[in-house]
Structures are given as C-alpha cells and as structure tokens.
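Accompanying notes for the structure given below.
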Amino acid sequence: MPLNVMITGLPRSGTSYFCQLLNKIDNFAVINEPEDTRKYLTRDFDKKIVAFYDLLRNKIKNKEPVYNKTVQDTFISGGDRISWLPDGIRNDDFILATKKTFQYLFSLNKLFETQQEMKAVVLVRNPCHNISSWKKSFKHLREAAPGFFHDPAFSSVFFTDEQMSFVSEISGQKNVSVKRCLLWVFAARCVINHMDKAVIIKYEDIVKRPAEVISDAFGLPEEEIPETIKKSEKKPSPLHLSKEDIKNIRRICKNEANILGYDI
C-alpha cells in the first residue's frame with residue numbers, strides 16, 4: 001500500500017480520534033493538524049505536497065520531533081500542538097499520514113489529479129449528528145463560514161466554477177440553520193466526487209468497530225491491531241438541533257446523505 005496517506009473528512013466526523021487510534025499501531029506516524037500546510041496548497045501543489053511529506057518523513061527517520069495535536073477532539077481538548085516523536089517506528093517504510101479537514105477535503109480534486117501514489121482516507125458522518133456537533137464547535141462551523149471560501153489564492157486553484165457558484169450561494173445565505181446544511185452538502189459532495197478513489201469511513205463505524213475498520217482501510221491483519229484499539233468505543237453525543245434544524249437537514253441534505261449511506 002502507499003506509504004503516504006492523507007486523512008480528511010467532514011469536520012467533527014472523528015478524524016482526530018481516528019489519528020489517535022492509528023498512532024497506537026507499530027510503524028504508523030500520524031500527524032493531526034500539521035503546521036503550515038496552507039503554504040503547500042498552491043498552484044504547484046503536486047510538487048509541494050511531496051516535498052512536505054519528504055520533510056516530515058526525514059525528520060522522523062532522524063528522530064527529530066514534529067509538531068502534532070495528540071488529542072481525541074481538537075475542540076474539547078484544545079488546539080495546542082506538542083513536540084512529538086512516534087515510538088513505534090520499526091523501519092524506514094512506515095506509514096506516514098497527515099490530517100486536515102477542510103484544507104485537504106477541498107483539495108481532493110488536485111490530489112487525485114497529481115498524486116497517484118498517495119492514499120486518501122475520508123471520514124463522514126450522519127448530517128443530523130454532524131451538524132449538531134458543529135453547533136457546539138468552532139465559530140467557522142457554527143456560522144458555516146470557512147475562511148477558505150474568502151481566500152482567492154486557495155479557491156482559484158482548488159474550486160471548480162460550479163463550486164465557486166455554490167460558495168457564493170452559501171456565503172449569501174442569511175439563515176444560519178440553512179447555511180450549515182448547505183455547507184454540509186458542499187463538503188459531502190467533495191467526498192462523493194471521489195468515492196471511487198478514496199477510502200470512505202463512517203464515523204458511526206469507527207467508534208463502534210475501530211479495529212475492523214482500520215484493518216479493512218489499511219489491509220492490516222487483525223492480529224496487528226493492538227488490544228487498546230479493539231476495546232475503544234466512544235459514547236454517542238446528544239443532539240443539539242432545533243425543529244427548524246431537523247426540517248432543514250431533511251430537506252437540504254437528504255440526497256447527499258443517501259449517497260453516503262445515511263437514511264435521514
């Protein structure tokens with residue numbers, strides 16, 4: 001399998017938890033929210049992303065610490081990166097993964113155009129629970145206003161004309177409940193467009209069957225999955241949705257949710 005992996009997904013779909021689980025496996029080095037990735041997401045993305053992974057891999061080979069967010073939940077646990085070095089690296093052919101949500105999710109078009117040797121793992125979540133989590137999370141999720149929507153240097157490279165039109169629709173929407181639904185649809189379509197190339201993982205599966213899901217995603221024998229992963233299980237979160245939210249989710253998100261395997 002490819003040694004370089006890009007992890008992304010819908011925000012609040014368990015990506016940080018997934019990274020934490022993977023770092024319990026020998027010969028995995030998974031960096032959650034690496035520093036300065038924005039400078040690699042430019043017109044020469046194909047060259048810069050390879051150089052970025054080469055830099056990280058060489059640092060780890062030379063036992064130089066890298067900065068990582070080693071937490072289950074970046075909102076609850078805080079956003080501080082720590083100096084970190086994986087302790088289970090056996091040889092130079094380790095799996096190196098980095099994770100970003102919107103940055104990587106919105107750049108999947110370019111990734112699959114230019115990086116045939118890089119594996120992409122994308123996490124998704126039922127829109128009801130996903131949007132509920134957004135409402136209790138970061139401001140850009142509560143208000144459905146990612147900074148990349150207003151960054152021409154990013155959008156001109158990674159968004160199609162159709163996506164730019166949808167971004168304008170989202171940005172112009174005054175009803176924040178509707179706006180969150182539209183953002184979810186925009187992000188979900190980024191996943192759907194690449195379902196044939198990426199490994200898609202449901203949040204609901206990774207929290208209930210983490211060992212089985214990881215084994216399938218990376219082709220690992222079950223015996224290589226640590227017991228600490230096999231016993232992992234996150235408790236379900238309560239819903240924080242109004243009647244208006246539920247109505248809007250069912251009306252706006254239904255089609256994309258169905259494609260991703262959710263009946264809402």
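So you can find residues: chains in the structure tokens are A, B, ... in the order shown, residues in each start at 1, and ligands are numbered from 1 in order.
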
**Request:** Excluding Glu244 in chain A and any residue of its chain fewer than 5 positions from it, enumerate the residues within 12 Å of it, using only C-alpha atoms, and give them as a list in words.
**Result:** Cys128, Asn175, Val176, Ser177, Val178, Arg180, Cys181, Ile249, Arg250, Arg251 and Ile252 of chain A

**Request:** Fewer than 3 positions away in the same chain doesn't count, so skip those; otherwise give me all residues within 8 Å of Cys253 in chain A, counting only C-alpha atoms, as JSON, numbers by chain.
**Result:** {"A": [127, 181, 182, 184, 185, 248, 249, 250, 256, 257]}

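The residue that comes closest to Ile7 in chain A, out of A:Leu56, A:Leu85, A:Val199, A:Met164 and on the basis of only C-alpha atoms, is A:Val199.
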
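Distances here use only C-alpha atoms; by that measure, the residue among A:Leu141, A:Val191, A:Val124, A:Ile225 closest to Glu204 in chain A is A:Val124.
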
**Request:** Might you pull out every residue within 9 Å of Arg43 in chain A, with only C-alpha atoms counted and same-chain residues fewer than 5 positions away left off, and present them as a list of chain:residue names?
**Result:** A:Ala153, A:Phe154, A:Val157, A:Phe158

Residues near range 130-137 of chain A, anyone? I mean within 10 Å using only C-alpha atoms, not counting same-chain ones fewer than 6 positions away, as an mmCIF file with N, CA and C atoms, in the first residue's frame.
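And here is the file that came out, result37.cif:
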data_model
loop_
_atom_site.group_PDB
_atom_site.id
_atom_site.type_symbol
_atom_site.label_atom_id
_atom_site.label_comp_id
_atom_site.auth_asym_id
_atom_site.auth_seq_id
_atom_site.Cartn_x
_atom_site.Cartn_y
_atom_site.Cartn_z
ATOM 1 N N LEU A 10 -15.400 15.221 6.743
ATOM 2 C CA LEU A 10 -16.292 16.270 7.205
ATOM 3 C C LEU A 10 -15.840 16.696 8.600
ATOM 4 N N PRO A 11 -15.769 17.986 8.878
ATOM 5 C CA PRO A 11 -15.380 18.410 10.223
ATOM 6 C C PRO A 11 -16.295 17.796 11.283
ATOM 7 N N ARG A 12 -15.719 17.387 12.394
ATOM 8 C CA ARG A 12 -16.436 16.753 13.502
ATOM 9 C C ARG A 12 -16.946 15.362 13.116
ATOM 10 N N SER A 13 -16.147 14.655 12.313
ATOM 11 C CA SER A 13 -16.523 13.292 11.924
ATOM 12 C C SER A 13 -15.576 12.259 12.524
ATOM 13 N N GLY A 14 -14.823 12.644 13.550
ATOM 14 C CA GLY A 14 -13.953 11.694 14.236
ATOM 15 C C GLY A 14 -12.554 11.596 13.677
ATOM 16 N N THR A 74 -10.133 18.051 18.940
ATOM 17 C CA THR A 74 -9.379 19.308 18.973
ATOM 18 C C THR A 74 -10.186 20.451 19.564
ATOM 19 N N PHE A 75 -11.513 20.346 19.566
ATOM 20 C CA PHE A 75 -12.312 21.418 20.160
ATOM 21 C C PHE A 75 -12.377 21.269 21.677
ATOM 22 N N ILE A 76 -12.664 20.060 22.148
ATOM 23 C CA ILE A 76 -12.796 19.829 23.586
ATOM 24 C C ILE A 76 -11.445 19.899 24.282
ATOM 25 N N VAL A 124 -16.806 10.412 7.172
ATOM 26 C CA VAL A 124 -18.103 11.072 7.003
ATOM 27 C C VAL A 124 -18.970 10.777 8.226
ATOM 28 N N GLU A 143 -21.162 29.065 12.323
ATOM 29 C CA GLU A 143 -21.677 30.070 11.391
ATOM 30 C C GLU A 143 -21.558 29.640 9.930
ATOM 31 N N ALA A 144 -21.013 28.441 9.699
ATOM 32 C CA ALA A 144 -20.849 27.911 8.333
ATOM 33 C C ALA A 144 -20.105 28.888 7.446
ATOM 34 N N SER A 177 -29.183 28.293 10.007
ATOM 35 C CA SER A 177 -29.561 26.879 10.008
ATOM 36 C C SER A 177 -29.486 26.308 8.596
ATOM 37 N N ARG A 180 -25.699 26.153 7.433
ATOM 38 C CA ARG A 180 -24.948 24.972 7.889
ATOM 39 C C ARG A 180 -25.273 23.761 7.019
ATOM 40 N N CYS A 181 -26.533 23.614 6.655
ATOM 41 C CA CYS A 181 -26.920 22.490 5.795
ATOM 42 C C CYS A 181 -26.258 22.589 4.423
ATOM 43 N N LEU A 183 -23.454 24.091 3.722
ATOM 44 C CA LEU A 183 -22.029 23.791 3.876
ATOM 45 C C LEU A 183 -21.814 22.290 3.985
ATOM 46 N N TRP A 184 -22.692 21.608 4.714
ATOM 47 C CA TRP A 184 -22.568 20.148 4.823
ATOM 48 C C TRP A 184 -22.687 19.510 3.439
ATOM 49 N N TYR A 203 -18.136 7.680 10.552
ATOM 50 C CA TYR A 203 -17.900 7.947 11.977
ATOM 51 C C TYR A 203 -18.558 6.867 12.833
ATOM 52 N N SER A 237 -22.972 11.205 21.241
ATOM 53 C CA SER A 237 -23.209 12.567 21.718
ATOM 54 C C SER A 237 -24.688 12.910 21.580
ATOM 55 N N PRO A 238 -25.217 13.711 22.502
ATOM 56 C CA PRO A 238 -26.623 14.121 22.381
ATOM 57 C C PRO A 238 -26.810 15.084 21.213
ATOM 58 N N LEU A 239 -28.010 15.097 20.665
ATOM 59 C CA LEU A 239 -28.316 16.017 19.573
ATOM 60 C C LEU A 239 -28.639 17.406 20.114
ATOM 61 N N HIS A 240 -28.117 18.424 19.425
ATOM 62 C CA HIS A 240 -28.411 19.815 19.780
ATOM 63 C C HIS A 240 -29.033 20.491 18.555
ATOM 64 N N LEU A 241 -30.208 20.015 18.188
ATOM 65 C CA LEU A 241 -30.874 20.519 16.987
ATOM 66 C C LEU A 241 -32.265 21.042 17.322
ATOM 67 N N SER A 242 -32.608 22.156 16.718
ATOM 68 C CA SER A 242 -33.962 22.683 16.839
ATOM 69 C C SER A 242 -34.863 21.981 15.819
ATOM 70 N N ASP A 245 -33.788 23.104 12.513
ATOM 71 C CA ASP A 245 -32.578 22.420 12.049
ATOM 72 C C ASP A 245 -32.920 21.075 11.421
ATOM 73 N N ILE A 246 -33.733 20.301 12.128
ATOM 74 C CA ILE A 246 -34.081 18.957 11.654
ATOM 75 C C ILE A 246 -34.824 19.035 10.320
ATOM 76 N N ILE A 249 -32.266 19.996 7.606
ATOM 77 C CA ILE A 249 -31.356 18.885 7.299
ATOM 78 C C ILE A 249 -32.051 17.861 6.411
#

According to DSSP computed on the backbone, where in range 95-212 of chain A is there strand (DSSP E)? Give the residues as an mmCIF file with N, CA and C atoms, in the first residue's frame.
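File selection-v3.cif, as written:
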data_model
loop_
_atom_site.group_PDB
_atom_site.id
_atom_site.type_symbol
_atom_site.label_atom_id
_atom_site.label_comp_id
_atom_site.auth_asym_id
_atom_site.auth_seq_id
_atom_site.Cartn_x
_atom_site.Cartn_y
_atom_site.Cartn_z
ATOM 1 N N ILE A 95 4.186 3.949 7.625
ATOM 2 C CA ILE A 95 3.064 4.705 7.074
ATOM 3 C C ILE A 95 3.094 6.106 7.674
ATOM 4 N N LEU A 96 3.170 7.106 6.817
ATOM 5 C CA LEU A 96 3.144 8.499 7.259
ATOM 6 C C LEU A 96 1.831 9.127 6.799
ATOM 7 N N ALA A 97 1.063 9.614 7.757
ATOM 8 C CA ALA A 97 -0.211 10.255 7.434
ATOM 9 C C ALA A 97 -0.276 11.630 8.077
ATOM 10 N N THR A 98 -0.918 12.547 7.390
ATOM 11 C CA THR A 98 -1.234 13.843 7.984
ATOM 12 C C THR A 98 -2.728 14.075 7.805
ATOM 13 N N LYS A 99 -3.294 14.870 8.714
ATOM 14 C CA LYS A 99 -4.742 15.095 8.677
ATOM 15 C C LYS A 99 -5.104 16.567 8.748
ATOM 16 N N LYS A 119 -2.469 7.700 -0.715
ATOM 17 C CA LYS A 119 -3.773 7.164 -0.319
ATOM 18 C C LYS A 119 -4.557 8.255 0.397
ATOM 19 N N ALA A 120 -5.839 8.350 0.125
ATOM 20 C CA ALA A 120 -6.703 9.310 0.812
ATOM 21 C C ALA A 120 -7.766 8.554 1.606
ATOM 22 N N VAL A 121 -7.878 8.882 2.887
ATOM 23 C CA VAL A 121 -8.897 8.302 3.761
ATOM 24 C C VAL A 121 -9.819 9.438 4.197
ATOM 25 N N VAL A 122 -11.110 9.267 3.970
ATOM 26 C CA VAL A 122 -12.071 10.346 4.209
ATOM 27 C C VAL A 122 -13.163 9.862 5.164
ATOM 28 N N LEU A 123 -13.369 10.603 6.246
ATOM 29 C CA LEU A 123 -14.396 10.253 7.218
ATOM 30 C C LEU A 123 -15.663 11.072 6.992
ATOM 31 N N VAL A 124 -16.806 10.412 7.172
ATOM 32 C CA VAL A 124 -18.103 11.072 7.003
ATOM 33 C C VAL A 124 -18.970 10.777 8.226
ATOM 34 N N VAL A 199 -10.728 6.012 0.353
ATOM 35 C CA VAL A 199 -11.281 5.080 1.334
ATOM 36 C C VAL A 199 -12.251 5.879 2.201
ATOM 37 N N ILE A 200 -13.523 5.531 2.168
ATOM 38 C CA ILE A 200 -14.547 6.259 2.913
ATOM 39 C C ILE A 200 -14.861 5.496 4.201
ATOM 40 N N ILE A 201 -14.813 6.197 5.323
ATOM 41 C CA ILE A 201 -15.087 5.587 6.626
ATOM 42 C C ILE A 201 -16.191 6.378 7.319
ATOM 43 N N LYS A 202 -17.193 5.674 7.803
ATOM 44 C CA LYS A 202 -18.258 6.328 8.558
ATOM 45 C C LYS A 202 -17.838 6.515 10.018
#

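Minimum atom-to-atom distance to Gln163 in chain A, evaluated using only C-alpha atoms, belongs to A:Arg189 out of A:His194, A:Lys47, A:Arg189, A:Lys243.
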
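The two atoms in question, CA of Phe166 in chain A and CA of Phe102 in chain A, are spaced 15.6 Å apart.
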
**Request:** Figure out the distance between CA of Asp46 in chain A and CA of Asp161 in chain A, please, to one decimal in Å.
**Result:** 21.0 Å

**Message:** Give me, as number ranges by chain, the residues of range 49-261 of chain A that a backbone DSSP run labels alpha helix (DSSP H).
**Reply:** A: 49-61, 102-105, 108-114, 127-135, 139-142, 152-158, 161-172, 176-192, 203-208, 210-218, 227-230, 243-252, 254-259

Keeping only C-alpha atoms, take the residues you just selected and write them out as a CSV table (one decimal), in the first residue's frame.
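result.csv written:
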chain,number,residue,atom,x,y,z
A,49,ILE,CA,2.9,18.2,-1.0
A,50,VAL,CA,5.5,15.6,-1.9
A,51,ALA,CA,8.2,17.8,-0.5
A,52,PHE,CA,6.2,18.3,2.6
A,53,TYR,CA,5.8,14.6,3.2
A,54,ASP,CA,9.5,14.0,2.4
A,55,LEU,CA,10.4,16.6,5.0
A,56,LEU,CA,8.3,15.0,7.7
A,57,ARG,CA,9.5,11.5,6.9
A,58,ASN,CA,13.1,12.5,7.0
A,59,LYS,CA,12.6,14.2,10.4
A,60,ILE,CA,11.0,11.1,11.8
A,61,LYS,CA,13.7,8.9,10.3
A,102,PHE,CA,-11.5,21.4,5.1
A,103,GLN,CA,-8.0,22.1,3.7
A,104,TYR,CA,-7.5,18.6,2.4
A,105,LEU,CA,-11.1,17.9,1.7
A,108,LEU,CA,-9.0,16.3,-3.2
A,109,ASN,CA,-9.5,17.2,-6.9
A,110,LYS,CA,-5.9,18.2,-7.2
A,111,LEU,CA,-4.7,15.3,-5.1
A,112,PHE,CA,-6.2,12.7,-7.3
A,113,GLU,CA,-5.0,14.6,-10.4
A,114,THR,CA,-1.4,14.7,-9.4
A,127,PRO,CA,-25.7,15.1,8.9
A,128,CYS,CA,-28.0,15.3,11.9
A,129,HIS,CA,-25.3,14.4,14.4
A,130,ASN,CA,-22.6,16.1,12.3
A,131,ILE,CA,-24.4,19.5,12.1
A,132,SER,CA,-25.4,19.1,15.8
A,133,SER,CA,-21.7,18.8,16.6
A,134,TRP,CA,-20.9,21.9,14.5
A,135,LYS,CA,-23.4,23.9,16.6
A,139,LYS,CA,-17.2,29.6,15.2
A,140,HIS,CA,-16.5,28.9,11.5
A,141,LEU,CA,-18.6,25.7,11.8
A,142,ARG,CA,-21.3,27.3,13.9
A,152,PRO,CA,-8.9,33.7,-3.7
A,153,ALA,CA,-5.4,32.2,-3.6
A,154,PHE,CA,-7.0,28.9,-2.5
A,155,SER,CA,-10.4,28.9,-4.2
A,156,SER,CA,-9.0,29.8,-7.6
A,157,VAL,CA,-6.7,26.7,-7.5
A,158,PHE,CA,-8.9,24.1,-5.9
A,161,ASP,CA,-16.7,27.1,-11.4
A,162,GLU,CA,-19.6,25.1,-10.1
A,163,GLN,CA,-18.2,25.0,-6.6
A,164,MET,CA,-17.5,28.7,-6.7
A,165,SER,CA,-21.1,29.4,-7.6
A,166,PHE,CA,-22.2,27.2,-4.6
A,167,VAL,CA,-19.8,29.0,-2.3
A,168,SER,CA,-21.4,32.3,-3.3
A,169,GLU,CA,-24.8,30.8,-2.5
A,170,ILE,CA,-23.7,29.6,0.9
A,171,SER,CA,-22.0,32.9,1.7
A,172,GLY,CA,-25.1,34.9,0.8
A,176,VAL,CA,-27.6,30.2,9.6
A,177,SER,CA,-29.6,26.9,10.0
A,178,VAL,CA,-29.9,26.6,6.2
A,179,LYS,CA,-26.3,27.8,5.8
A,180,ARG,CA,-24.9,25.0,7.9
A,181,CYS,CA,-26.9,22.5,5.8
A,182,LEU,CA,-25.6,24.0,2.6
A,183,LEU,CA,-22.0,23.8,3.9
A,184,TRP,CA,-22.6,20.1,4.8
A,185,VAL,CA,-23.8,19.4,1.3
A,186,PHE,CA,-20.8,21.2,-0.2
A,187,ALA,CA,-18.4,19.2,1.9
A,188,ALA,CA,-20.3,16.0,1.3
A,189,ARG,CA,-20.1,16.5,-2.5
A,190,CYS,CA,-16.3,16.8,-2.2
A,191,VAL,CA,-16.4,13.3,-0.8
A,192,ILE,CA,-19.0,11.9,-3.2
A,203,TYR,CA,-17.9,7.9,12.0
A,204,GLU,CA,-20.5,5.5,13.3
A,205,ASP,CA,-18.3,2.6,12.3
A,206,ILE,CA,-15.0,3.9,13.6
A,207,VAL,CA,-16.5,4.5,17.1
A,208,LYS,CA,-18.2,1.1,17.2
A,210,PRO,CA,-12.4,0.6,15.2
A,211,ALA,CA,-10.2,-2.5,14.8
A,212,GLU,CA,-12.2,-3.9,12.0
A,213,VAL,CA,-12.5,-0.6,10.2
A,214,ILE,CA,-8.7,0.1,10.4
A,215,SER,CA,-7.9,-3.4,9.3
A,216,ASP,CA,-10.1,-3.0,6.2
A,217,ALA,CA,-8.8,0.5,5.4
A,218,PHE,CA,-5.1,-0.4,5.6
A,227,GLU,CA,-6.0,-4.6,22.1
A,228,THR,CA,-6.3,-1.0,23.1
A,229,ILE,CA,-7.8,-0.2,19.8
A,230,LYS,CA,-10.1,-3.3,19.8
A,243,LYS,CA,-37.1,21.6,15.0
A,244,GLU,CA,-36.0,24.1,12.2
A,245,ASP,CA,-32.6,22.4,12.0
A,246,ILE,CA,-34.1,19.0,11.7
A,247,LYS,CA,-36.5,20.2,9.0
A,248,ASN,CA,-33.7,21.9,7.0
A,249,ILE,CA,-31.4,18.9,7.3
A,250,ARG,CA,-34.0,16.5,6.0
A,251,ARG,CA,-34.9,18.9,3.2
A,252,ILE,CA,-31.4,20.0,2.1
A,254,LYS,CA,-31.2,14.2,2.1
A,255,ASN,CA,-29.8,13.4,-1.4
A,256,GLU,CA,-26.1,13.6,-0.4
A,257,ALA,CA,-26.8,11.8,2.9
A,258,ASN,CA,-28.4,8.9,1.0
A,259,ILE,CA,-25.4,8.6,-1.3

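Among the candidates A:Met6, A:Gly88, A:Phe18, A:Lys48, the residue lying nearest to Arg209 in chain A is A:Phe18 (atoms considered: only C-alpha atoms).
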
**Request:** Give me, please, the distance in Å between CA of Thr8 in chain A and CA of Gln173 in chain A, quoted to one decimal.
**Result:** 26.0 Å
